[in-house]
>>> print(open('work_8.txt').read())   # compact mmCIF, C-alpha atoms
# COMPACT_ATOMS: atom_id res chain seq x y z
CA MET A 1 -26.03 10.20 -17.18
CA ASP A 2 -24.82 9.59 -13.62
CA LYS A 3 -21.77 7.37 -13.31
CA SER A 4 -21.81 4.14 -11.29
CA MET A 5 -18.84 3.02 -9.21
CA SER A 6 -18.02 0.02 -7.00
CA VAL A 7 -16.42 -0.21 -3.58
CA GLN A 8 -12.92 -1.65 -4.19
CA VAL A 9 -11.87 -2.09 -0.55
CA ARG A 10 -13.05 -4.48 2.15
CA GLN A 11 -15.13 -1.80 3.88
CA SER A 12 -15.70 1.94 3.50
CA HIS A 13 -18.02 4.58 4.91
CA VAL A 14 -20.60 6.92 3.45
CA ARG A 15 -20.19 10.20 5.35
CA LYS A 16 -22.44 13.14 6.03
CA THR A 17 -19.93 15.75 4.84
CA PRO A 18 -16.91 15.56 2.50
CA SER A 19 -14.36 15.27 5.28
CA PHE A 20 -12.45 12.55 7.14
CA LEU A 21 -14.03 11.51 10.46
CA SER A 22 -17.29 13.16 9.44
CA MET A 23 -20.41 11.35 10.73
CA ILE A 24 -20.88 7.88 9.21
CA LYS A 25 -24.28 7.43 7.55
CA LYS A 26 -23.68 3.95 6.19
CA THR A 27 -20.91 1.38 5.87
CA LEU A 28 -20.46 -0.35 2.53
CA SER A 29 -18.62 -3.55 1.62
CA TYR A 30 -16.43 -4.76 -1.25
CA GLY A 31 -18.39 -4.72 -4.48
CA ASP A 32 -21.29 -2.52 -3.30
CA ARG A 33 -22.42 -0.08 -5.99
CA VAL A 34 -22.94 3.67 -5.76
CA VAL A 35 -24.18 6.32 -8.19
CA VAL A 36 -21.90 9.35 -8.41
CA LEU A 37 -23.89 12.58 -8.36
CA GLU A 38 -20.95 14.95 -8.31
CA ASP A 39 -17.38 14.04 -9.16
CA LYS A 40 -15.10 16.84 -8.02
CA LYS A 41 -11.99 16.71 -5.88
CA ASP A 42 -11.36 13.68 -3.63
CA TRP A 43 -14.74 13.34 -1.94
CA LEU A 44 -17.55 12.23 -4.24
CA ASP A 45 -21.20 13.06 -3.67
CA ILE A 46 -22.88 9.67 -4.04
CA ARG A 47 -26.11 7.72 -3.65
CA VAL A 48 -25.97 4.08 -2.56
CA GLU A 49 -27.56 2.06 -5.34
CA ALA A 50 -29.26 -0.52 -3.08
CA THR A 51 -30.68 1.79 -0.39
CA GLY A 52 -30.73 5.29 -1.86
CA THR A 53 -28.61 6.63 1.04
CA ARG A 54 -26.99 9.98 0.09
CA GLY A 55 -23.58 11.04 1.32
CA PHE A 56 -19.89 11.39 0.52
CA MET A 57 -17.25 8.75 -0.13
CA HIS A 58 -13.55 9.15 -0.71
CA ARG A 59 -12.36 8.51 -4.25
CA SER A 60 -9.77 5.97 -3.03
CA ALA A 61 -12.54 3.59 -1.92
CA LEU A 62 -14.15 3.42 -5.34
CA THR A 63 -13.46 2.10 -8.84
CA VAL A 64 -15.28 2.67 -12.09
CA LYS A 65 -14.88 -1.05 -12.76
CA LYS A 66 -17.66 -3.39 -11.78
CA VAL A 67 -16.35 -5.60 -8.98
CA VAL A 68 -17.42 -9.21 -9.47
CA LEU A 69 -17.54 -11.11 -6.19
CA ASN A 70 -17.00 -14.87 -6.43
CA PRO A 71 -16.47 -14.68 -10.20
CA GLY A 72 -17.31 -17.85 -12.07
CA LYS A 73 -15.99 -18.99 -15.43
CA GLN A 74 -18.44 -16.81 -17.34
CA ALA A 75 -17.42 -13.63 -15.52
CA VAL A 76 -13.76 -14.38 -16.07
CA GLU A 77 -14.37 -14.94 -19.79
CA LYS A 78 -16.05 -11.54 -20.02
CA THR A 79 -12.91 -9.88 -18.79
CA ALA A 80 -11.05 -11.36 -21.73
CA THR A 81 -12.67 -8.78 -23.98
CA SER A 82 -13.39 -5.98 -21.54
CA ASP A 83 -11.61 -3.79 -19.07
CA GLU A 84 -14.85 -3.01 -17.22
CA PHE A 85 -14.58 -5.65 -14.53
CA ALA A 86 -12.44 -6.22 -11.45
CA LEU A 87 -12.53 -9.80 -10.21
CA ALA A 88 -12.56 -10.18 -6.44
CA GLY A 89 -10.31 -12.90 -5.09
CA LYS A 90 -8.44 -13.44 -8.38
CA GLY A 91 -4.79 -12.96 -9.27
CA PHE A 92 -2.55 -12.52 -6.23
CA ASN A 93 -4.84 -13.91 -3.57
CA GLU A 94 -5.06 -16.09 -0.48
CA ASN A 95 -4.16 -19.22 -2.49
CA VAL A 96 -1.05 -17.62 -3.96
CA GLU A 97 -0.02 -16.33 -0.55
CA GLY A 98 -0.62 -19.81 0.87
CA ARG A 99 1.63 -21.39 -1.76
CA PHE A 100 4.29 -18.76 -1.14
CA ARG A 101 4.10 -19.25 2.64
CA ALA A 102 4.51 -22.98 2.27
CA ASP A 103 7.69 -22.37 0.29
CA ASN A 104 8.97 -19.68 2.71
CA PRO A 105 8.06 -20.91 6.19
CA HIS A 106 10.59 -18.63 7.91
CA LEU A 107 8.70 -15.44 7.00
CA ASN A 108 6.72 -13.80 9.78
CA PHE A 109 3.11 -13.87 8.58
CA ILE A 110 1.94 -14.37 12.16
CA GLY A 111 3.33 -10.92 12.95
CA ILE A 112 1.36 -9.50 10.01
CA ASP A 113 -1.85 -11.17 11.22
CA ARG A 114 -1.21 -9.64 14.64
CA MET A 115 -0.75 -6.20 13.06
CA GLU A 116 -4.04 -6.55 11.24
CA GLY A 117 -5.74 -6.97 14.59
CA CYS A 118 -4.65 -3.45 15.61
CA GLY A 119 -7.53 -1.56 14.02
CA VAL A 120 -8.53 1.71 15.65
CA SER A 121 -12.07 3.06 15.99
CA GLU A 122 -13.06 6.54 14.84
CA ASP A 123 -14.00 7.37 18.44
CA GLN A 124 -10.40 6.61 19.45
CA MET A 125 -9.17 8.91 16.69
CA ARG A 126 -11.48 11.77 17.76
CA ASP A 127 -10.40 11.34 21.37
CA PHE A 128 -6.74 11.33 20.30
CA LEU A 129 -7.18 14.60 18.37
CA LEU A 130 -9.07 16.25 21.21
CA LYS A 131 -6.67 15.27 23.99
CA GLY A 132 -3.65 16.22 21.90
CA GLN A 133 -5.15 19.66 21.15
CA LEU A 134 -5.05 18.87 17.47
CA ILE A 135 -7.46 20.89 15.36
CA PRO A 136 -7.88 19.39 11.87
CA ARG A 137 -7.92 21.89 9.03
CA GLU A 138 -10.92 20.39 7.30
CA GLY A 139 -13.39 20.44 10.18
CA ALA A 140 -13.10 16.67 10.59
CA LEU A 141 -14.81 16.69 13.96
CA MET B 1 13.25 -20.98 -7.15
CA LYS B 2 15.71 -23.03 -5.17
CA GLU B 3 15.41 -23.38 -1.44
CA THR B 4 18.71 -21.62 -0.81
CA THR B 5 17.53 -18.64 -2.80
CA ARG B 6 14.29 -18.51 -0.84
CA ARG B 7 16.14 -18.30 2.43
CA ASN B 8 18.01 -15.29 1.18
CA PHE B 9 15.03 -13.79 -0.54
CA LEU B 10 15.35 -10.36 0.98
CA PHE B 11 18.74 -9.94 -0.53
CA VAL B 12 18.09 -11.30 -3.96
CA ALA B 13 18.49 -8.57 -6.54
CA GLY B 14 15.51 -9.51 -8.67
CA ASN B 15 17.48 -12.07 -10.59
CA CYS B 16 15.13 -15.00 -10.27
CA ALA B 17 13.06 -14.43 -13.42
CA ALA B 18 12.68 -17.69 -15.27
CA ALA B 19 13.23 -17.59 -19.01
CA GLY B 20 9.51 -17.93 -19.58
CA PHE B 21 8.82 -14.58 -17.95
CA LEU B 22 11.34 -12.46 -19.78
CA LEU B 23 8.65 -10.36 -21.38
CA ALA B 24 9.77 -6.84 -20.56
CA GLY B 25 7.99 -4.14 -22.52
CA CYS B 26 5.57 -6.66 -23.97
CA LYS B 27 3.31 -4.26 -25.81
CA THR B 28 3.61 -5.24 -29.43
CA MET B 29 1.81 -8.05 -31.19
CA GLU B 30 5.13 -9.74 -31.81
CA ALA B 31 5.87 -9.77 -28.15
CA MET B 32 2.36 -10.97 -27.44
CA ASN B 33 2.90 -13.85 -29.82
CA LYS B 34 6.08 -14.75 -27.99
CA MET B 35 4.09 -14.67 -24.80
CA MET B 36 1.60 -17.11 -26.31
CA ASP B 37 4.50 -19.50 -26.89
CA VAL B 38 5.29 -19.24 -23.23
CA VAL B 39 1.65 -19.78 -22.29
CA SER B 40 1.50 -22.92 -24.37
CA VAL B 41 4.55 -24.23 -22.57
CA ASP B 42 3.04 -23.45 -19.19
CA VAL B 43 -0.42 -24.87 -19.58
CA GLY B 44 -0.51 -26.87 -22.76
CA PRO B 45 -1.81 -25.75 -26.14
CA VAL B 46 -4.82 -23.44 -26.33
CA SER B 47 -7.10 -23.07 -29.33
CA SER B 48 -6.72 -20.22 -31.81
CA SER B 49 -9.79 -18.38 -30.49
CA GLN B 50 -8.63 -18.84 -26.92
CA ALA B 51 -5.23 -17.51 -27.91
CA GLN B 52 -6.82 -14.44 -29.51
CA SER B 53 -8.84 -13.94 -26.37
CA LEU B 54 -5.70 -14.05 -24.24
CA ILE B 55 -3.93 -11.60 -26.50
CA LYS B 56 -6.86 -9.25 -26.03
CA VAL B 57 -6.55 -9.65 -22.27
CA GLY B 58 -2.90 -8.75 -22.42
CA GLN B 59 -3.47 -5.77 -24.65
CA ALA B 60 -6.51 -4.52 -22.79
CA VAL B 61 -5.27 -4.68 -19.25
CA ALA B 62 -1.51 -5.16 -19.23
CA LYS B 63 -0.97 -1.50 -18.52
CA THR B 64 0.80 -0.49 -15.40
CA PHE B 65 1.06 -1.24 -11.71
CA GLU B 66 -2.45 0.26 -11.55
CA SER B 67 -3.66 -3.05 -13.03
CA PHE B 68 -3.35 -4.58 -9.57
CA THR B 69 -6.56 -4.23 -7.58
CA PRO B 70 -6.30 -2.95 -3.99
CA GLU B 71 -7.01 -6.54 -2.96
CA GLN B 72 -3.97 -7.84 -4.84
CA GLU B 73 -1.90 -4.93 -3.51
CA TYR B 74 -2.95 -6.05 -0.02
CA TYR B 75 -1.61 -9.58 -0.57
CA ILE B 76 1.64 -8.17 -1.96
CA GLY B 77 1.89 -5.88 1.10
CA ARG B 78 1.27 -8.71 3.58
CA THR B 79 4.16 -10.69 2.12
CA ILE B 80 6.51 -7.69 2.00
CA GLY B 81 5.55 -7.01 5.62
CA ALA B 82 6.28 -10.61 6.63
CA MET B 83 9.76 -10.15 5.13
CA VAL B 84 10.34 -6.84 6.86
CA LEU B 85 9.37 -8.45 10.19
CA GLN B 86 11.82 -11.21 9.42
CA LYS B 87 14.57 -8.64 8.98
CA TYR B 88 13.77 -6.73 12.18
CA PRO B 89 11.53 -8.41 14.81
CA ALA B 90 8.45 -6.70 16.18
CA PHE B 91 8.89 -4.64 19.36
CA ASP B 92 6.26 -5.97 21.71
CA SER B 93 4.84 -3.05 23.66
CA VAL B 94 1.05 -2.76 23.59
CA LEU B 95 1.29 0.81 24.90
CA ALA B 96 3.74 2.05 22.26
CA ASN B 97 2.22 0.13 19.35
CA THR B 98 -1.32 1.26 20.22
CA TYR B 99 -0.07 4.85 20.38
CA ILE B 100 1.47 4.76 16.91
CA ASN B 101 -1.57 2.95 15.51
CA VAL B 102 -4.02 5.57 16.77
CA MET B 103 -1.74 8.33 15.52
CA GLY B 104 -0.90 6.64 12.22
CA GLN B 105 -4.43 5.60 11.36
CA THR B 106 -5.66 9.14 12.11
CA LEU B 107 -2.99 10.57 9.79
CA ALA B 108 -3.88 8.03 7.10
CA ALA B 109 -7.56 8.97 7.35
CA ALA B 110 -6.57 12.53 6.43
CA SER B 111 -4.32 11.50 3.53
CA ASP B 112 -5.17 11.51 -0.16
CA ARG B 113 -5.63 7.75 0.13
CA PRO B 114 -7.58 6.97 3.30
CA ASP B 115 -9.03 3.77 1.88
CA THR B 116 -6.73 0.85 1.18
CA PHE B 117 -8.13 -2.67 0.95
CA ALA B 118 -7.79 -3.55 4.63
CA GLY B 119 -6.68 -0.24 6.16
CA TYR B 120 -3.38 1.04 7.54
CA ARG B 121 -1.43 -0.66 10.33
CA PHE B 122 1.74 0.43 12.14
CA GLN B 123 4.37 -1.62 13.94
CA ILE B 124 7.48 -0.72 15.92
CA GLN B 125 10.51 -2.89 15.20
CA ASP B 126 13.08 -3.87 17.77
CA SER B 127 16.23 -2.47 16.19
CA GLU B 128 18.69 0.27 17.07
CA GLU B 129 19.17 0.92 13.38
CA ILE B 130 17.42 3.99 11.94
CA ASN B 131 14.91 2.69 9.43
CA ALA B 132 11.30 2.62 8.29
CA PHE B 133 9.38 0.69 5.64
CA ALA B 134 6.06 1.23 3.90
CA ALA B 135 4.71 -1.97 2.38
CA PRO B 136 1.97 -1.69 -0.27
CA GLY B 137 -1.59 -1.64 0.96
CA GLY B 138 -0.88 0.15 4.25
CA PHE B 139 1.62 -1.78 6.41
CA VAL B 140 4.09 0.64 8.02
CA PHE B 141 7.15 -0.34 10.07
CA VAL B 142 9.35 1.97 12.15
CA THR B 143 12.43 0.95 14.11
CA ARG B 144 13.18 2.05 17.67
CA GLY B 145 16.27 3.73 16.23
CA LEU B 146 14.14 6.02 14.08
CA ILE B 147 11.66 6.70 16.88
CA ARG B 148 14.60 7.91 18.98
CA CYS B 149 15.15 10.63 16.37
CA CYS B 150 11.75 12.03 17.41
CA LYS B 151 11.74 14.32 20.43
CA ASP B 152 8.01 15.04 20.36
CA GLU B 153 4.75 13.83 18.86
CA ASP B 154 4.83 16.15 15.84
CA SER B 155 8.19 14.69 14.79
CA LEU B 156 6.94 11.13 15.11
CA ALA B 157 3.78 12.05 13.20
CA ALA B 158 6.07 13.34 10.43
CA VAL B 159 7.82 9.94 10.20
CA LEU B 160 4.50 8.10 9.92
CA ALA B 161 3.05 10.66 7.47
CA HIS B 162 6.12 10.25 5.22
CA GLU B 163 5.58 6.48 5.09
CA ILE B 164 1.86 6.99 4.39
CA GLY B 165 3.03 9.23 1.52
CA HIS B 166 4.85 6.25 -0.04
CA ILE B 167 1.72 4.08 0.21
CA GLN B 168 -0.50 6.87 -1.11
CA GLY B 169 1.85 7.26 -4.09
CA LYS B 170 1.97 3.47 -4.60
CA HIS B 171 5.75 3.75 -4.75
CA GLY B 172 6.23 0.08 -3.80
CA LEU B 173 3.95 -1.16 -6.56
CA GLN B 174 5.75 1.03 -9.08
CA ALA B 175 8.87 -1.04 -8.52
CA ILE B 176 7.22 -4.12 -10.04
CA LYS B 177 8.52 -4.78 -13.52
CA GLN B 178 6.07 -4.55 -16.42
CA SER B 179 6.70 -8.18 -17.40
CA ARG B 180 5.31 -9.45 -14.07
CA ILE B 181 2.15 -7.38 -14.47
CA THR B 182 1.61 -8.64 -18.00
CA HIS B 183 2.16 -12.21 -16.92
CA ALA B 184 -0.11 -11.98 -13.88
CA VAL B 185 -2.93 -10.54 -15.96
CA THR B 186 -2.45 -13.13 -18.69
CA THR B 187 -2.45 -16.04 -16.26
CA LEU B 188 -5.69 -14.69 -14.85
CA GLY B 189 -7.10 -14.52 -18.37
CA LEU B 190 -6.21 -18.18 -18.83
CA GLU B 191 -8.98 -19.06 -16.47
CA GLY B 192 -11.40 -18.17 -19.24
CA ALA B 193 -9.86 -20.89 -21.36
CA LYS B 194 -9.24 -23.38 -18.63
CA GLN B 195 -9.73 -23.46 -14.87
CA LEU B 196 -6.52 -22.65 -13.04
CA GLY B 197 -4.73 -25.84 -12.17
CA GLY B 198 -1.59 -26.56 -10.20
CA LYS B 199 0.74 -25.44 -13.00
CA GLU B 200 -1.00 -22.09 -13.45
CA ILE B 201 -1.08 -21.40 -9.72
CA SER B 202 2.60 -22.25 -9.61
CA ALA B 203 3.24 -19.83 -12.49
CA LEU B 204 1.23 -17.13 -10.72
CA THR B 205 3.08 -17.80 -7.47
CA GLN B 206 6.38 -17.46 -9.29
CA THR B 207 5.25 -14.13 -10.76
CA PHE B 208 4.18 -13.16 -7.23
CA GLU B 209 7.66 -14.03 -5.91
CA GLU B 210 9.28 -12.01 -8.66
CA SER B 211 7.03 -9.03 -7.97
CA ILE B 212 7.86 -9.26 -4.28
CA SER B 213 11.54 -9.42 -5.19
CA ASP B 214 11.21 -6.28 -7.35
CA ILE B 215 9.71 -4.41 -4.40
CA THR B 216 12.09 -5.63 -1.69
CA ASN B 217 14.94 -4.84 -4.02
CA THR B 218 13.75 -1.22 -4.06
CA LEU B 219 12.45 -1.02 -0.50
CA ILE B 220 15.36 -2.69 1.26
CA VAL B 221 18.35 -2.84 -1.06
CA ASN B 222 18.33 0.26 -3.28
CA GLY B 223 15.70 2.60 -1.84
CA TYR B 224 13.03 4.63 -3.59
CA SER B 225 14.02 7.27 -6.12
CA ARG B 226 14.92 10.74 -4.92
CA ILE B 227 11.75 12.03 -6.59
CA GLN B 228 9.60 9.52 -4.69
CA GLU B 229 11.29 10.49 -1.42
CA LYS B 230 10.52 14.13 -2.13
CA GLU B 231 6.92 13.25 -2.99
CA ALA B 232 6.60 11.42 0.33
CA ASP B 233 8.03 14.40 2.22
CA LEU B 234 5.60 16.77 0.52
CA ALA B 235 2.71 14.38 1.18
CA ALA B 236 3.77 14.31 4.84
CA VAL B 237 3.67 18.12 5.04
CA GLU B 238 0.13 18.12 3.64
CA ILE B 239 -1.12 15.32 5.90
CA LEU B 240 0.42 16.89 9.04
CA ASN B 241 -1.18 20.22 8.25
CA ARG B 242 -4.60 18.66 7.64
CA VAL B 243 -4.57 16.86 10.99
CA GLY B 244 -3.32 19.89 12.90
CA TYR B 245 0.32 18.94 13.48
CA SER B 246 3.14 21.32 12.70
CA PRO B 247 4.91 20.31 9.47
CA HIS B 248 8.03 21.73 11.14
CA GLY B 249 8.06 18.42 13.05
CA LEU B 250 9.54 16.86 9.92
CA ILE B 251 12.49 19.28 10.01
CA ALA B 252 13.00 18.67 13.74
CA MET B 253 13.13 14.92 13.13
CA LEU B 254 15.53 15.29 10.17
CA ASN B 255 17.86 17.48 12.25
CA GLN B 256 17.98 14.80 14.93
CA MET B 257 18.52 12.12 12.32
CA GLN B 258 21.42 14.07 10.85
CA THR B 259 23.24 13.99 14.18
CA ARG B 260 22.64 10.26 14.66
CA LEU B 261 22.99 8.87 11.16
CA LYS B 262 26.43 7.78 10.07
CA PRO B 263 26.54 8.09 6.26
CA GLY B 264 27.16 4.86 4.41
CA THR B 265 27.01 2.68 7.50
CA SER B 266 23.35 1.68 7.60
CA ASP B 267 20.55 0.62 5.30
CA PHE B 268 18.71 3.89 5.81
CA ALA B 269 21.73 6.05 4.98
CA ARG B 270 22.22 4.00 1.85
CA THR B 271 18.60 4.07 0.70
CA HIS B 272 17.58 7.65 1.55
CA PRO B 273 18.70 11.13 0.57
CA LEU B 274 20.79 12.92 3.17
CA PRO B 275 18.71 14.59 5.89
CA GLU B 276 20.35 17.95 5.10
CA ASP B 277 19.26 17.66 1.44
CA ARG B 278 15.71 16.85 2.50
CA ILE B 279 15.68 19.82 4.89
CA GLN B 280 16.93 22.11 2.16
CA ALA B 281 14.18 20.95 -0.20
CA LEU B 282 11.50 21.41 2.46
CA GLU B 283 12.46 24.83 3.77
CA PRO B 284 10.79 26.88 1.01
CA VAL B 285 7.57 24.86 1.48
CA LEU B 286 7.48 25.23 5.27
CA GLY B 287 7.93 28.99 5.39
CA SER B 288 4.20 29.61 5.33
CA PHE B 289 3.39 27.38 8.30
CA ALA B 290 3.03 28.63 11.87
CA PRO B 291 5.98 28.20 14.26
CA TYR B 292 6.48 24.90 16.02
CA GLN B 293 4.69 24.49 19.36
CA HIS B 294 4.46 21.63 21.85
CA PRO B 295 1.17 21.69 23.77
CA ARG B 296 1.82 20.10 27.17
CA PRO B 297 -0.80 17.29 26.97
CA ARG B 298 0.65 16.17 23.65
CA LEU B 299 4.19 16.13 24.98
CA LEU B 300 3.11 14.28 28.12
CA ARG B 301 1.41 11.47 26.26
CA PHE B 302 4.37 11.16 23.88
CA ASN B 303 6.73 10.82 26.85
CA THR B 304 4.49 8.24 28.50
CA ALA B 305 3.75 6.12 25.45
CA ILE B 306 6.96 6.06 23.49
CA SER B 307 9.89 8.29 24.42
CA TRP B 308 11.25 5.58 26.75
CA ILE B 309 11.89 3.06 24.01
>>> encode(input="work_8.txt", output="structure tokens")
Amino acid sequence: MDKSMSVQVRQSHVRKTPSFLSMIKKTLSYGDRVVVLEDKKDWLDIRVEATGTRGFMHRSALTVKKVVLNPGKQAVEKTATSDEFALAGKGFNENVEGRFRADNPHLNFIGIDRMEGCGVSEDQMRDFLLKGQLIPREGAL
Amino acid sequence: MKETTRRNFLFVAGNCAAAGFLLAGCKTMEAMNKMMDVVSVDVGPVSSSQAQSLIKVGQAVAKTFESFTPEQEYYIGRTIGAMVLQKYPAFDSVLANTYINVMGQTLAAASDRPDTFAGYRFQIQDSEEINAFAAPGGFVFVTRGLIRCCKDEDSLAAVLAHEIGHIQGKHGLQAIKQSRITHAVTTLGLEGAKQLGGKEISALTQTFEESISDITNTLIVNGYSRIQEKEADLAAVEILNRVGYSPHGLIAMLNQMQTRLKPGTSDFARTHPLPEDRIQALEPVLGSFAPYQHPRPRLLRFNTAISWI
């Protein structure tokens, strides 16, 4: 039987080939489910459960646990007897950070927020490789 | 935690564990029972079935640092990063910071862990001291002092790839003591018995503080283990090769560092193996890679974007 996995990061891409910077076929979000068709090496051959899109995702984006978004009391209780679930937004989260920040106002969280705004597009990365005469070993372009 | 301790948080040697959290190696039923005593103190008595349920939580998921989801790792990393930026302020150059972000995020995409919860980010810090930090989840910091050890792009790529190696290996998370992980998971399990109230959030925040302290203690005070440093160097070689950089850039950077680093006088010298030892360990690995070259366009953009800092 094919194995199901969940996206465990905020956003990740389904790619055409098993290689970084390969063409993006679809972008998935935290908690989205995929069916693993082939589980070898770091790039998994998958099918998106909701749309049927086929492609490759990196192992680091996925978990075998079922990610529960906005878990209510019932979902949390289930985890008391099972290791099959990952609860989004629980444990060390925004609330805990908020409490910690209130107690440590001198720490530079504004600098961290600014860093988070420095995301780079894949087009920028391709351009960077090309102009720097960098030829990736895995045929990333 | 007292206010005075908070102010000096970076330099606290993980000594702020309250008695209620002294649960190291809590794997046996006896230890679990002791933990239940602690839980009852924290949140009031729970019923027998609820207690059994919590014990199951602890036993089922109180495993290792891997128990933290990438989302929790991200919140840990944000706080570590806020501390690192407190220690050395950010160097505000859009040109230089954009350059290391494009380079660093490209290297990270080629690593064994391209997907962290919110992606990788890189920041130059305004300090003459030679240093770099990798906070969990993908926040990487490099001082101007360390960038000055890089004479070309391949060398700088080696610095960033080494830090990515620490994040890929979850070396920061590994510094968190088992007792914190057990307690965090158990507090989460409490929600099944009772919605988290102020006391439980306070308990979780204290565990968070202690986990942060464990990591900063390793990251800033003591340094990673020699094995983890070697792992990060080997990861860097692999990442550089995948992207198309010369792994010899790492040796070039270490040679420069050796001439600039005064042993025992800085944080970096105290927390890292000697450059000459790292070079010696890398030489057998690098023999198979092509000689070091500096294509002109790559050198030009390095000089424009960053060599002036």
>>> interface_residues(input="work_8.txt", of="chain A", to="chain B", cutoff="6 Å", atoms="all atoms listed in the file", output="list of chain:residue names")
A:Val9, A:Arg10, A:Phe20, A:Ser60, A:Ala61, A:Val76, A:Glu77, A:Ala80, A:Gly91, A:Phe92, A:Val96, A:Leu107, A:Asn108, A:Phe109, A:Met125, A:Gly132, A:Leu134, A:Ile135, A:Pro136, A:Arg137
>>> atom_distance(input="work_8.txt", atom1="atom CA of A:Glu84", atom2="atom CA of B:Ile176")
23.2 Å
>>> residues_around(input="work_8.txt", residues="stretch 31-42 of chain A", least_positions_apart="5", cutoff="8 Å", atoms="all atoms listed in the file", output="MDAnalysis selection string")
(chainID A and resid 2:8 47:50 58:60 66:69) or (chainID B and resid 112)
>>> atom_distance(input="work_8.txt", atom1="atom CA of A:His106", atom2="atom CA of B:Leu146")
25.7 Å
>>> residues_around(input="work_8.txt", residues="A:Lys25", least_positions_apart="5", cutoff="9 Å", atoms="only C-alpha atoms", output="list of chain:residue names")
A:His13, A:Val14, A:Arg15, A:Lys16, A:Thr53, A:Arg54, A:Gly55
>>> atom_distance(input="work_8.txt", atom1="atom CA of B:Val237", atom2="atom CA of B:Ile100")
18.0 Å
>>> decode(input="work_8.txt", residues="stretch 214-246 of chain B", atoms="C-alpha atoms", output="compact mmCIF listing (two decimals), in the first residue's frame")
# COMPACT_ATOMS: atom_id res chain seq x y z
CA ASP B 214 20.84 24.90 26.46
CA ILE B 215 21.39 25.97 22.85
CA THR B 216 23.03 29.34 23.50
CA ASN B 217 25.26 27.63 26.01
CA THR B 218 26.50 25.38 23.20
CA LEU B 219 26.32 27.89 20.36
CA ILE B 220 27.91 30.85 22.10
CA VAL B 221 29.68 29.68 25.24
CA ASN B 222 31.09 26.20 24.63
CA GLY B 223 30.75 25.54 20.90
CA TYR B 224 29.56 22.44 19.07
CA SER B 225 31.41 19.17 19.50
CA ARG B 226 34.43 18.46 17.34
CA ILE B 227 32.43 15.73 15.61
CA GLN B 228 29.63 18.16 14.76
CA GLU B 229 32.16 20.66 13.41
CA LYS B 230 33.62 17.95 11.20
CA GLU B 231 30.13 16.96 10.05
CA ALA B 232 29.43 20.58 9.11
CA ASP B 233 32.71 20.80 7.18
CA LEU B 234 31.91 17.61 5.27
CA ALA B 235 28.37 18.83 4.59
CA ALA B 236 29.87 22.07 3.26
CA VAL B 237 32.12 20.15 0.85
CA GLU B 238 29.11 18.25 -0.49
CA ILE B 239 26.90 21.34 -0.83
CA LEU B 240 29.65 23.37 -2.55
CA ASN B 241 30.26 20.58 -5.03
CA ARG B 242 26.55 20.20 -5.81
CA VAL B 243 26.16 23.90 -6.58
CA GLY B 244 29.32 24.08 -8.66
CA TYR B 245 31.68 25.85 -6.26
CA SER B 246 35.14 24.53 -5.55
